[in-house]
$ cat upload.tsv   # TSV, C-alpha atoms
chain	number	residue	atom	x	y	z
A	24	MET	CA	-48.64	-115.10	0.37
A	25	LYS	CA	-46.58	-114.06	3.40
A	26	LYS	CA	-44.90	-117.48	3.27
A	27	ILE	CA	-43.88	-116.98	-0.36
A	28	TYR	CA	-42.57	-113.53	0.51
A	29	TYR	CA	-40.33	-115.03	3.21
A	30	ILE	CA	-39.14	-117.77	0.82
A	31	ASN	CA	-38.05	-115.04	-1.61
A	32	ILE	CA	-36.17	-113.17	1.10
A	33	ALA	CA	-34.39	-116.42	2.03
A	34	LEU	CA	-33.45	-117.04	-1.62
A	35	ILE	CA	-32.06	-113.52	-1.96
A	36	LEU	CA	-29.97	-114.03	1.17
A	37	ILE	CA	-28.63	-117.35	-0.16
A	38	LEU	CA	-27.77	-115.88	-3.56
A	39	THR	CA	-26.13	-112.66	-2.38
A	40	PRO	CA	-22.73	-114.02	-1.33
A	41	LEU	CA	-22.25	-116.04	-4.52
A	42	LYS	CA	-20.06	-113.98	-6.78
A	43	ASN	CA	-17.89	-114.55	-9.80
A	44	ASP	CA	-14.26	-115.36	-8.95
A	45	ALA	CA	-12.67	-116.15	-12.32
A	46	PHE	CA	-9.57	-114.01	-11.97
A	47	GLY	CA	-6.75	-116.42	-11.11
A	48	ILE	CA	-6.04	-114.46	-7.93
A	49	SER	CA	-2.60	-114.94	-6.44
A	50	GLU	CA	-2.28	-116.86	-3.20
A	51	ALA	CA	-0.19	-113.87	-2.04
A	52	PHE	CA	-3.41	-112.14	-1.01
A	53	THR	CA	-4.86	-115.21	0.78
A	54	ASP	CA	-8.49	-114.41	1.63
A	55	ASN	CA	-8.09	-110.64	1.75
A	56	ILE	CA	-9.54	-109.82	-1.64
A	57	TYR	CA	-13.02	-108.34	-1.78
A	58	ASN	CA	-14.83	-109.34	-4.93
A	59	PRO	CA	-17.34	-106.71	-6.08
A	60	GLY	CA	-18.65	-109.02	-8.81
A	61	ILE	CA	-19.03	-108.02	-12.44
A	62	LEU	CA	-19.30	-104.26	-12.88
A	63	LYS	CA	-20.40	-101.99	-15.72
A	64	PRO	CA	-17.34	-102.12	-18.03
A	65	VAL	CA	-16.92	-98.33	-18.38
A	66	ASP	CA	-18.79	-95.71	-16.38
A	67	SER	CA	-17.30	-92.32	-17.19
A	68	VAL	CA	-16.72	-89.95	-20.09
A	69	LEU	CA	-13.17	-89.01	-21.07
A	70	LYS	CA	-12.25	-85.35	-20.70
A	71	VAL	CA	-8.96	-85.57	-22.62
A	72	LYS	CA	-7.96	-86.93	-26.01
A	73	ILE	CA	-4.83	-88.04	-27.82
A	74	GLY	CA	-2.78	-84.98	-28.79
A	75	ASP	CA	-3.93	-82.92	-25.79
A	76	LEU	CA	-1.52	-81.51	-23.25
A	77	ALA	CA	-2.03	-83.76	-20.22
A	78	PRO	CA	-3.53	-81.92	-17.25
A	79	ASP	CA	-0.87	-81.40	-14.60
A	80	PHE	CA	-1.43	-82.72	-11.10
A	81	THR	CA	0.34	-83.17	-7.80
A	82	LEU	CA	-0.49	-86.13	-5.57
A	83	PRO	CA	0.96	-87.63	-2.38
A	84	SER	CA	2.89	-90.83	-2.92
A	85	LEU	CA	3.46	-93.83	-0.69
A	86	SER	CA	7.06	-92.76	-0.08
A	87	GLY	CA	5.78	-89.53	1.49
A	88	GLU	CA	6.89	-87.28	-1.37
A	89	LYS	CA	4.51	-85.35	-3.54
A	90	VAL	CA	4.71	-86.26	-7.21
A	91	SER	CA	3.76	-83.88	-10.04
A	92	LEU	CA	3.39	-84.76	-13.68
A	93	LYS	CA	5.37	-81.69	-14.71
A	94	GLN	CA	8.51	-82.92	-12.93
A	95	PHE	CA	9.00	-85.49	-15.73
A	96	LYS	CA	8.64	-82.95	-18.56
A	97	GLY	CA	11.64	-83.06	-20.87
A	98	LYS	CA	13.02	-86.11	-19.02
A	99	ASN	CA	10.75	-89.13	-19.25
A	100	ASN	CA	7.75	-90.53	-21.02
A	101	VAL	CA	5.09	-91.20	-18.40
A	102	VAL	CA	2.66	-94.10	-18.21
A	103	ILE	CA	-0.22	-93.49	-15.82
A	104	SER	CA	-2.02	-96.59	-14.63
A	105	PHE	CA	-5.32	-95.80	-12.91
A	106	VAL	CA	-6.73	-98.84	-11.14
A	107	PRO	CA	-10.15	-98.79	-9.46
A	108	ALA	CA	-9.55	-99.98	-5.92
A	109	ALA	CA	-7.14	-101.66	-3.56
A	110	TRP	CA	-7.95	-105.19	-2.34
A	111	THR	CA	-10.07	-106.09	-5.37
A	112	PRO	CA	-9.39	-108.99	-7.77
A	113	VAL	CA	-8.07	-107.55	-11.04
A	114	CYS	CA	-6.28	-104.54	-9.50
A	115	SER	CA	-4.43	-106.78	-7.07
A	116	ASP	CA	-2.54	-108.54	-9.82
A	117	GLN	CA	-2.22	-105.84	-12.46
A	118	TRP	CA	0.51	-103.92	-10.63
A	119	PRO	CA	2.49	-106.96	-9.40
A	120	GLY	CA	2.66	-107.91	-13.10
A	121	TYR	CA	4.20	-104.51	-13.85
A	122	ASN	CA	6.81	-105.36	-11.22
A	123	ILE	CA	8.53	-107.66	-13.70
A	124	VAL	CA	8.40	-105.34	-16.71
A	125	LYS	CA	10.53	-102.48	-15.36
A	126	GLU	CA	13.12	-103.22	-18.03
A	127	ILE	CA	10.56	-102.49	-20.76
A	128	PHE	CA	9.77	-99.11	-19.19
A	129	ASP	CA	13.50	-98.34	-18.79
A	130	ASN	CA	14.20	-99.28	-22.41
A	131	ASN	CA	11.53	-96.83	-23.53
A	132	ASP	CA	12.63	-93.96	-21.28
A	133	ALA	CA	9.36	-94.27	-19.44
A	134	ILE	CA	8.34	-94.13	-15.84
A	135	LEU	CA	5.15	-95.58	-14.46
A	136	LEU	CA	2.81	-93.83	-12.03
A	137	GLY	CA	0.16	-95.95	-10.34
A	138	ILE	CA	-2.90	-94.05	-9.13
A	139	THR	CA	-5.96	-95.12	-7.17
A	140	VAL	CA	-8.56	-93.16	-5.19
A	141	ASP	CA	-7.63	-95.07	-2.01
A	142	ASN	CA	-5.97	-93.33	0.91
A	143	ILE	CA	-2.28	-93.76	1.77
A	144	PRO	CA	-2.73	-96.21	4.70
A	145	THR	CA	-4.82	-98.52	2.51
A	146	LEU	CA	-2.29	-98.33	-0.33
A	147	PHE	CA	0.52	-98.97	2.15
A	148	ALA	CA	-1.08	-102.20	3.43
A	149	TRP	CA	-2.10	-103.35	-0.04
A	150	THR	CA	1.25	-102.82	-1.75
A	151	ASN	CA	3.05	-104.38	1.25
A	152	GLN	CA	1.02	-107.52	0.55
A	153	MET	CA	2.53	-107.39	-2.95
A	154	ARG	CA	5.93	-107.02	-1.25
A	155	GLY	CA	6.44	-103.61	-2.75
A	156	LEU	CA	6.41	-102.07	-6.20
A	157	TRP	CA	9.24	-100.37	-8.09
A	158	PHE	CA	7.12	-97.44	-9.31
A	159	PRO	CA	5.52	-94.54	-7.41
A	160	VAL	CA	2.02	-95.24	-6.12
A	161	LEU	CA	-0.06	-92.09	-5.78
A	162	SER	CA	-3.19	-91.48	-3.75
A	163	ASP	CA	-6.02	-89.57	-5.43
A	164	PHE	CA	-8.05	-89.79	-2.24
A	165	TRP	CA	-8.54	-86.13	-1.42
A	166	PRO	CA	-10.10	-84.11	-2.93
A	167	HIS	CA	-11.64	-87.41	-3.77
A	168	GLY	CA	-10.78	-88.60	-7.29
A	169	LYS	CA	-9.85	-85.10	-8.45
A	170	VAL	CA	-7.11	-86.29	-10.83
A	171	ALA	CA	-9.20	-89.17	-12.16
A	172	ASP	CA	-11.95	-86.64	-12.82
A	173	MET	CA	-9.53	-84.28	-14.62
A	174	PHE	CA	-8.82	-87.08	-17.09
A	175	GLY	CA	-12.49	-88.13	-17.21
A	176	VAL	CA	-11.99	-91.55	-15.67
A	177	LEU	CA	-13.87	-91.14	-12.38
A	178	ARG	CA	-16.80	-93.54	-12.24
A	179	SER	CA	-20.15	-92.66	-10.74
A	180	ASP	CA	-19.43	-94.78	-7.64
A	181	GLY	CA	-16.27	-92.80	-6.80
A	182	VAL	CA	-13.60	-95.23	-8.03
A	183	SER	CA	-11.58	-94.72	-11.16
A	184	GLU	CA	-11.68	-96.66	-14.39
A	185	ARG	CA	-8.97	-99.20	-15.17
A	186	ALA	CA	-7.18	-96.81	-17.51
A	187	LEU	CA	-3.77	-96.34	-19.09
A	188	PHE	CA	-2.39	-93.08	-20.46
A	189	ILE	CA	0.96	-92.63	-22.18
A	190	ILE	CA	2.26	-89.08	-21.99
A	191	ASP	CA	5.38	-88.13	-23.92
A	192	LYS	CA	8.30	-86.03	-22.71
A	193	GLU	CA	6.56	-82.87	-23.95
A	194	GLY	CA	3.54	-83.65	-21.79
A	195	ILE	CA	1.33	-84.62	-24.74
A	196	ILE	CA	-1.07	-87.56	-24.40
A	197	ARG	CA	-0.04	-90.18	-26.96
A	198	TYR	CA	-2.15	-93.18	-25.97
A	199	ILE	CA	-5.35	-93.77	-24.01
A	200	HIS	CA	-6.79	-97.13	-23.09
A	201	ILE	CA	-9.90	-97.33	-20.95
A	202	ALA	CA	-10.13	-101.04	-20.21
A	203	ASP	CA	-13.21	-102.99	-19.21
A	204	ILE	CA	-12.99	-102.58	-15.42
A	205	ASN	CA	-13.50	-106.34	-15.03
A	206	LYS	CA	-10.46	-107.27	-17.12
A	207	ARG	CA	-6.76	-106.73	-16.95
A	208	PRO	CA	-5.49	-104.63	-19.87
A	209	ASP	CA	-3.38	-106.42	-22.45
A	210	LEU	CA	0.28	-105.88	-21.58
A	211	GLU	CA	1.40	-106.43	-25.15
A	212	LEU	CA	-0.73	-103.53	-26.34
A	213	LEU	CA	0.87	-101.16	-23.83
A	214	VAL	CA	4.37	-102.33	-24.69
A	215	THR	CA	3.70	-102.00	-28.43
A	216	GLU	CA	2.41	-98.44	-27.97
A	217	LEU	CA	5.37	-97.49	-25.78
A	218	GLU	CA	7.86	-98.84	-28.29
A	219	LYS	CA	6.02	-97.20	-31.18
A	220	MET	CA	6.15	-93.82	-29.43
A	221	ASN	CA	9.78	-94.17	-28.46
A	222	MET	CA	10.76	-94.92	-32.07
A	223	LYS	CA	9.25	-91.64	-33.31
B	4	MET	CA	-47.45	-106.98	-4.40
B	5	LYS	CA	-49.91	-109.04	-6.43
B	6	ILE	CA	-49.85	-112.79	-5.77
B	7	LYS	CA	-49.11	-113.44	-9.49
B	8	ASN	CA	-45.99	-111.26	-9.27
B	9	VAL	CA	-44.82	-112.98	-6.11
B	10	PHE	CA	-45.03	-116.37	-7.89
B	11	ARG	CA	-43.19	-114.92	-10.88
B	12	LEU	CA	-40.41	-113.57	-8.63
B	13	THR	CA	-40.14	-116.93	-6.86
B	14	GLY	CA	-39.69	-118.64	-10.24
B	15	VAL	CA	-36.97	-116.22	-11.28
B	16	LEU	CA	-35.12	-116.64	-7.98
B	17	ILE	CA	-35.30	-120.44	-8.12
B	18	SER	CA	-33.88	-120.41	-11.67
B	19	LEU	CA	-31.12	-118.04	-10.54
B	20	LEU	CA	-30.30	-120.31	-7.63
B	21	PHE	CA	-30.12	-123.32	-9.95
B	22	PHE	CA	-27.81	-121.64	-12.46
B	23	THR	CA	-25.57	-120.15	-9.80
B	24	TYR	CA	-25.05	-123.51	-8.14
B	25	GLN	CA	-24.42	-125.07	-11.56
B	26	ALA	CA	-21.64	-122.50	-12.05
B	27	PHE	CA	-20.29	-123.27	-8.60
B	28	ALA	CA	-20.26	-127.00	-9.34
B	29	ASP	CA	-17.56	-126.27	-11.97
B	30	LYS	CA	-15.60	-124.15	-9.51
B	31	LYS	CA	-14.48	-127.09	-7.39
B	32	PRO	CA	-10.76	-127.74	-7.70
B	33	LEU	CA	-9.82	-131.01	-9.38
B	34	ALA	CA	-10.16	-133.95	-7.02
B	35	GLU	CA	-7.30	-136.35	-6.45
B	36	GLY	CA	-8.13	-139.81	-7.79
B	37	ASN	CA	-10.17	-138.37	-10.67
B	38	LYS	CA	-9.32	-137.86	-14.33
B	39	LEU	CA	-8.21	-134.54	-15.74
B	40	PRO	CA	-10.82	-132.56	-17.66
B	41	GLU	CA	-9.96	-132.25	-21.33
B	42	ILE	CA	-7.18	-129.66	-21.47
B	43	ILE	CA	-6.15	-129.00	-25.03
B	44	LEU	CA	-2.81	-127.27	-25.54
B	45	SER	CA	-1.06	-126.07	-28.69
B	46	VAL	CA	1.98	-128.08	-29.73
B	47	PRO	CA	4.96	-125.87	-28.83
B	48	LYS	CA	6.88	-124.31	-31.73
B	49	ASN	CA	10.14	-124.90	-29.86
B	50	THR	CA	11.52	-128.25	-31.06
B	51	GLU	CA	13.32	-128.84	-27.74
B	52	HIS	CA	9.97	-128.59	-25.99
B	53	GLN	CA	8.39	-130.91	-28.54
B	54	LYS	CA	11.15	-133.43	-27.90
B	55	TYR	CA	10.78	-133.04	-24.14
B	56	LEU	CA	7.03	-133.70	-24.30
B	57	GLY	CA	7.27	-136.39	-26.96
B	58	ILE	CA	4.74	-134.45	-29.01
B	59	THR	CA	5.50	-133.50	-32.60
B	60	GLY	CA	3.84	-131.79	-35.51
B	61	LYS	CA	1.43	-128.89	-35.49
B	62	GLY	CA	-1.97	-128.44	-33.92
B	63	THR	CA	-2.95	-129.43	-30.44
B	64	PHE	CA	-2.53	-132.19	-27.88
B	65	ASN	CA	-4.11	-133.40	-24.68
B	66	ILE	CA	-2.02	-133.54	-21.46
B	67	PRO	CA	-2.19	-137.37	-21.04
B	68	GLN	CA	-0.57	-137.67	-24.49
B	69	ILE	CA	2.70	-136.36	-23.02
B	70	LYS	CA	5.35	-139.08	-23.12
B	71	ALA	CA	5.81	-139.59	-19.40
B	72	GLU	CA	4.62	-141.58	-16.44
B	73	VAL	CA	4.04	-138.49	-14.34
B	74	VAL	CA	3.15	-134.98	-15.50
B	75	ILE	CA	3.39	-132.07	-13.07
B	76	ILE	CA	1.34	-129.04	-14.07
B	77	GLU	CA	2.15	-125.66	-12.56
B	78	ILE	CA	-0.80	-123.28	-12.71
B	79	PHE	CA	0.76	-119.82	-12.55
B	80	SER	CA	0.30	-116.23	-13.63
B	81	MET	CA	2.97	-113.72	-14.54
B	82	TYR	CA	0.92	-111.30	-12.41
B	83	CYS	CA	1.12	-113.46	-9.28
B	84	PRO	CA	3.76	-112.32	-6.76
B	85	HIS	CA	4.12	-115.84	-5.28
B	86	CYS	CA	4.66	-117.32	-8.75
B	87	GLN	CA	7.30	-114.68	-9.47
B	88	ARG	CA	9.11	-115.34	-6.19
B	89	GLU	CA	8.94	-119.11	-6.61
B	90	ALA	CA	10.08	-119.19	-10.23
B	91	PRO	CA	13.74	-119.88	-9.27
B	92	THR	CA	12.61	-122.77	-7.01
B	93	ILE	CA	10.52	-124.27	-9.79
B	94	ASN	CA	13.50	-123.90	-12.16
B	95	LYS	CA	15.58	-125.84	-9.64
B	96	PHE	CA	12.83	-128.46	-9.42
B	97	TYR	CA	12.97	-128.82	-13.22
B	98	GLU	CA	16.78	-129.08	-13.19
B	99	GLU	CA	16.60	-131.87	-10.61
B	100	LEU	CA	14.22	-133.72	-12.91
B	101	VAL	CA	16.21	-133.37	-16.12
B	102	ASN	CA	19.53	-134.07	-14.39
B	103	SER	CA	18.26	-137.34	-12.97
B	104	GLN	CA	18.88	-140.30	-15.29
B	105	LYS	CA	16.15	-142.15	-13.41
B	106	LEU	CA	13.50	-139.44	-13.69
B	107	LYS	CA	14.16	-137.39	-16.81
B	108	ASP	CA	12.07	-139.56	-19.15
B	109	LYS	CA	9.45	-140.45	-16.59
B	110	VAL	CA	8.49	-137.13	-14.98
B	111	LYS	CA	7.71	-134.05	-17.08
B	112	LEU	CA	6.89	-130.52	-15.96
B	113	ILE	CA	4.71	-127.98	-17.77
B	114	GLY	CA	3.26	-124.59	-16.78
B	115	ILE	CA	-0.05	-123.01	-17.70
B	116	GLY	CA	-0.34	-119.22	-17.34
B	117	VAL	CA	-3.96	-118.55	-16.40
B	118	GLY	CA	-5.30	-115.29	-17.79
B	119	ASN	CA	-1.91	-114.77	-19.46
B	120	SER	CA	-1.48	-114.06	-23.17
B	121	ALA	CA	1.31	-115.64	-25.21
B	122	PHE	CA	3.23	-112.35	-24.84
B	123	GLU	CA	2.85	-112.41	-21.05
B	124	VAL	CA	3.88	-116.06	-20.76
B	125	SER	CA	6.87	-115.33	-22.99
B	126	HIS	CA	7.85	-112.38	-20.80
B	127	PHE	CA	7.60	-114.54	-17.66
B	128	ARG	CA	9.79	-117.17	-19.34
B	129	LYS	CA	12.37	-114.58	-20.35
B	130	THR	CA	12.44	-112.88	-16.94
B	131	TYR	CA	13.05	-116.09	-15.00
B	132	LYS	CA	14.93	-118.03	-17.73
B	133	ILE	CA	12.41	-120.88	-17.61
B	134	GLN	CA	13.41	-123.93	-19.65
B	135	PHE	CA	10.30	-126.12	-19.40
B	136	PRO	CA	7.26	-125.64	-21.67
B	137	LEU	CA	4.80	-122.92	-20.67
B	138	PHE	CA	1.37	-122.49	-22.23
B	139	PRO	CA	-0.94	-119.44	-22.25
B	140	ASP	CA	-4.56	-119.54	-21.11
B	141	ALA	CA	-5.48	-116.01	-22.12
B	142	ASP	CA	-9.24	-116.47	-21.98
B	143	TYR	CA	-9.23	-118.43	-18.67
B	144	SER	CA	-10.86	-121.39	-20.44
B	145	ILE	CA	-8.46	-123.88	-18.80
B	146	HIS	CA	-8.72	-121.98	-15.51
B	147	LYS	CA	-12.49	-122.51	-15.54
B	148	LYS	CA	-12.06	-126.25	-16.19
B	149	ILE	CA	-9.74	-126.69	-13.21
B	150	GLY	CA	-12.04	-124.93	-10.76
B	151	GLU	CA	-10.83	-121.30	-10.98
B	152	VAL	CA	-8.06	-121.97	-8.48
B	153	ARG	CA	-5.72	-119.34	-7.06
B	154	THR	CA	-2.09	-119.32	-8.10
B	155	PRO	CA	0.35	-120.98	-7.79
B	156	TYR	CA	-1.45	-124.30	-7.92
B	157	PHE	CA	0.06	-127.69	-8.72
B	158	ILE	CA	-1.58	-130.71	-10.32
B	159	GLY	CA	0.16	-134.07	-10.53
B	160	VAL	CA	-1.09	-136.61	-13.08
B	161	ARG	CA	-0.07	-140.26	-13.20
B	162	ILE	CA	-0.22	-141.63	-16.73
B	163	ILE	CA	-0.76	-145.36	-16.77
B	164	LYS	CA	0.53	-147.64	-19.53
B	165	ASP	CA	-2.96	-148.70	-20.60
B	166	GLY	CA	-3.58	-145.09	-21.67
B	167	THR	CA	-5.64	-144.09	-18.66
B	168	HIS	CA	-4.58	-141.51	-16.11
B	169	ARG	CA	-5.48	-140.17	-12.67
B	170	ILE	CA	-4.79	-137.04	-10.68
B	171	PHE	CA	-2.62	-137.87	-7.65
B	172	TYR	CA	-1.98	-134.33	-6.46
B	173	SER	CA	-4.12	-131.18	-6.67
B	174	LYS	CA	-3.21	-128.44	-4.25
B	175	LEU	CA	-2.96	-124.70	-3.83
B	176	GLY	CA	0.47	-123.34	-3.02
B	177	GLY	CA	3.86	-123.80	-4.50
B	178	ALA	CA	7.17	-125.31	-3.58
B	179	LYS	CA	9.20	-123.86	-0.74
B	180	GLU	CA	12.15	-126.11	-1.46
B	181	ALA	CA	12.71	-127.90	-4.77
B	182	ASN	CA	14.09	-131.20	-3.50
B	183	GLN	CA	11.48	-131.67	-0.77
B	184	PHE	CA	8.72	-130.83	-3.22
B	185	LEU	CA	10.05	-133.36	-5.72
B	186	LYS	CA	10.36	-136.08	-3.09
B	187	MET	CA	6.82	-135.46	-1.89
B	188	LEU	CA	5.38	-135.55	-5.43
B	189	LEU	CA	7.29	-138.71	-6.35
B	190	HIS	CA	6.02	-140.38	-3.21
B	191	ARG	CA	2.44	-139.28	-3.87
B	192	SER	CA	2.63	-140.44	-7.49
B	193	GLY	CA	3.56	-143.96	-6.47
B	194	LEU	CA	6.43	-143.86	-8.97
B	195	VAL	CA	9.09	-144.47	-6.31
$ encode --input "upload.tsv" --output "structure tokens"
Amino acid sequence: MKKIYYINIALILILTPLKNDAFGISEAFTDNIYNPGILKPVDSVLKVKIGDLAPDFTLPSLSGEKVSLKQFKGKNNVVISFVPAAWTPVCSDQWPGYNIVKEIFDNNDAILLGITVDNIPTLFAWTNQMRGLWFPVLSDFWPHGKVADMFGVLRSDGVSERALFIIDKEGIIRYIHIADINKRPDLELLVTELEKMNMK
Amino acid sequence: MKIKNVFRLTGVLISLLFFTYQAFADKKPLAEGNKLPEIILSVPKNTEHQKYLGITGKGTFNIPQIKAEVVIIEIFSMYCPHCQREAPTINKFYEELVNSQKLKDKVKLIGIGVGNSAFEVSHFRKTYKIQFPLFPDADYSIHKKIGEVRTPYFIGVRIIKDGTHRIFYSKLGGAKEANQFLKMLLHRSGLV
């Protein structure tokens, strides 16, 4: 029986490192991406809804400045992109994709704020690997995940959901999309919603 | 733990091991010298692209049906920073092909956007003014068939007159310089 027990331990050890990798990861990240495997698609309960005034927040950004939601009131529509974690497969290509859609945001009077619960040094290294991003990247590291929690997108393991919020110039939430954490949200859907809101 | 349960657990783990390695068997990148897996693409709506590929009508086609002696397949993603940066080089590579009287009918270039929807592929095309045909692979079904490779990845296929074909190039990484890349691929293909 002891023998069988040891065989099982060996099998577990063999199986552990084998994880799903079907993400089409860019070579830009070489072997620096940690793959957490397939996670529970959604693991939080929203605390806001469409039509609500978005909760205001102030977070440190990569550029060193603090960014508040209220500073865009009356000026820009705001898209908030929460991504779960730096150096993970889907997150590492979602934002570089947004790097080539700036024109769409500009055409819709919108700015994009990228938020993760990672600290600034981690975000610095990660976004450098992407060779920079045109939009502010904010750290919701401390108090840990406070902003993600205000919106109801903080998962039980301390990372945020893969979530998109569109907030209009009056600060009202116009669109919410909590994506399956394992999948990149459909860009067309976001663009359609932005254009729809801007036409109103 | 009861001995019965230990046996049960062993069975479960062995099955898991078998299925995991089965999945990994598909994850190998395509080997040079082999045939392509069946990659079915939709006939492009753009008539210029249809003419370029020598494929007409509606419906779908298989890559070896492309009217060419060599087909270069760029596996890209609009979300991949390398693919974005290299898009102008690949455009230059395409221009060298179509501007060469000797090569324009023999060597064709296509791109497949892995995990990219038609909208995303179209946005990538518009951003970088890409002239050659690009195809979406929104559900990663092609990506799975080619071994879930990283991007950019290039596959070169030699189409032989008897209707058969073989992969002569299958590598991760893009082109640093268009002309050098073309020369290397032509040499590897055996075309020149």
$ atom_distance --input "upload.tsv" --atom1 "atom CA of A:Gly74" --atom2 "atom CA of A:Lys125"
25.8 Å
$ residues_around --input "upload.tsv" --residues "A:Ser67" --least-positions-apart "6" --cutoff "7 Å" --atoms "only C-alpha atoms" --output "list in words"
Gly175, Val176, Leu177 and Arg178 of chain A
$ write_last_selection --input "upload.tsv" --atoms "C-alpha atoms" --output "PDB file, in the frame of the given file"
ATOM      1  CA  GLY A 175     -12.490 -88.130 -17.210  1.00  0.00           C
ATOM      2  CA  VAL A 176     -11.990 -91.550 -15.670  1.00  0.00           C
ATOM      3  CA  LEU A 177     -13.870 -91.140 -12.380  1.00  0.00           C
ATOM      4  CA  ARG A 178     -16.800 -93.540 -12.240  1.00  0.00           C
TER       5      ARG A 178
END
$ atom_distance --input "upload.tsv" --atom1 "atom CA of A:Leu146" --atom2 "atom CA of A:Leu161"
8.6 Å
$ atom_distance --input "upload.tsv" --atom1 "atom CA of B:Val152" --atom2 "atom CA of B:Phe184"
19.7 Å
$ closest_residue --input "upload.tsv" --among "B:Lys148, B:Lys132, B:Tyr55, B:Ser125" --to "B:Val74" --atoms "only C-alpha atoms"
B:Tyr55
$ residues_around --input "upload.tsv" --residues "stretch 76-86 of chain A" --least-positions-apart "3" --cutoff "7 Å" --atoms "only C-alpha atoms" --output "list of chain:residue names"
A:Lys89, A:Val90, A:Ser91, A:Leu92, A:Lys93, A:Ile143, A:Phe147, A:Pro159, A:Val160, A:Leu161, A:Ser162, A:Asp163, A:Val170, A:Met173, A:Gly194, A:Ile195, A:Ile196
$ write_last_selection --input "upload.tsv" --atoms "C-alpha atoms" --output "compact mmCIF listing (two decimals), in the frame of the given file"
# COMPACT_ATOMS: atom_id res chain seq x y z
CA LYS A 89 4.51 -85.35 -3.54
CA VAL A 90 4.71 -86.26 -7.21
CA SER A 91 3.76 -83.88 -10.04
CA LEU A 92 3.39 -84.76 -13.68
CA LYS A 93 5.37 -81.69 -14.71
CA ILE A 143 -2.28 -93.76 1.77
CA PHE A 147 0.52 -98.97 2.15
CA PRO A 159 5.52 -94.54 -7.41
CA VAL A 160 2.02 -95.24 -6.12
CA LEU A 161 -0.06 -92.09 -5.78
CA SER A 162 -3.19 -91.48 -3.75
CA ASP A 163 -6.02 -89.57 -5.43
CA VAL A 170 -7.11 -86.29 -10.83
CA MET A 173 -9.53 -84.28 -14.62
CA GLY A 194 3.54 -83.65 -21.79
CA ILE A 195 1.33 -84.62 -24.74
CA ILE A 196 -1.07 -87.56 -24.40
$ closest_atom_pairs --input "upload.tsv" --of "stretch 85-193 of chain A" --to "stretch 88-112 of chain B" --cutoff "12 Å" --atoms "only C-alpha atoms" --output "Markdown table"
| residue | atom | partner | partner_atom | distance |
| --- | --- | --- | --- | --- |
| A:Pro119 | CA | B:Arg88 | CA | 11.2 |
| A:Asn122 | CA | B:Arg88 | CA | 11.4 |
| A:Ile123 | CA | B:Arg88 | CA | 10.8 |
| A:Met153 | CA | B:Arg88 | CA | 10.8 |
| A:Arg154 | CA | B:Arg88 | CA | 10.2 |
$ residues_around --input "upload.tsv" --residues "A:Pro107" --least-positions-apart "4" --cutoff "10 Å" --atoms "only C-alpha atoms" --output "list of chain:residue names"
A:Thr111, A:Val113, A:Cys114, A:Ile138, A:Thr139, A:Val140, A:Asp141, A:Val176, A:Leu177, A:Arg178, A:Gly181, A:Val182, A:Ser183, A:Glu184, A:Arg185, A:Ala186, A:Ile204, A:Asn205
$ closest_residue --input "upload.tsv" --among "B:Leu39, B:Ile170, B:Leu44, B:Ala178" --to "B:Pro139" --atoms "only C-alpha atoms"
B:Leu44
$ closest_residue --input "upload.tsv" --among "A:Ile190, A:Ala202, A:Val214, A:Ala148" --to "chain B" --atoms "only C-alpha atoms"
A:Val214
$ residues_around --input "upload.tsv" --residues "A:Ile189" --least-positions-apart "6" --cutoff "7 Å" --atoms "all atoms listed in the file" --output "list in words"
Val101, Val102, Ile103, Ile196, Arg197, Tyr198 and Ile199 of chain A
$ write_last_selection --input "upload.tsv" --atoms "C-alpha atoms" --output "CSV table (one decimal), keeping the file's coordinate frame"
chain,number,residue,atom,x,y,z
A,101,VAL,CA,5.1,-91.2,-18.4
A,102,VAL,CA,2.7,-94.1,-18.2
A,103,ILE,CA,-0.2,-93.5,-15.8
A,196,ILE,CA,-1.1,-87.6,-24.4
A,197,ARG,CA,0.0,-90.2,-27.0
A,198,TYR,CA,-2.2,-93.2,-26.0
A,199,ILE,CA,-5.4,-93.8,-24.0
$ closest_residue --input "upload.tsv" --among "A:Val68, A:Asn142, A:Asp203, A:Ser179" --to "A:Phe164" --atoms "only C-alpha atoms"
A:Asn142
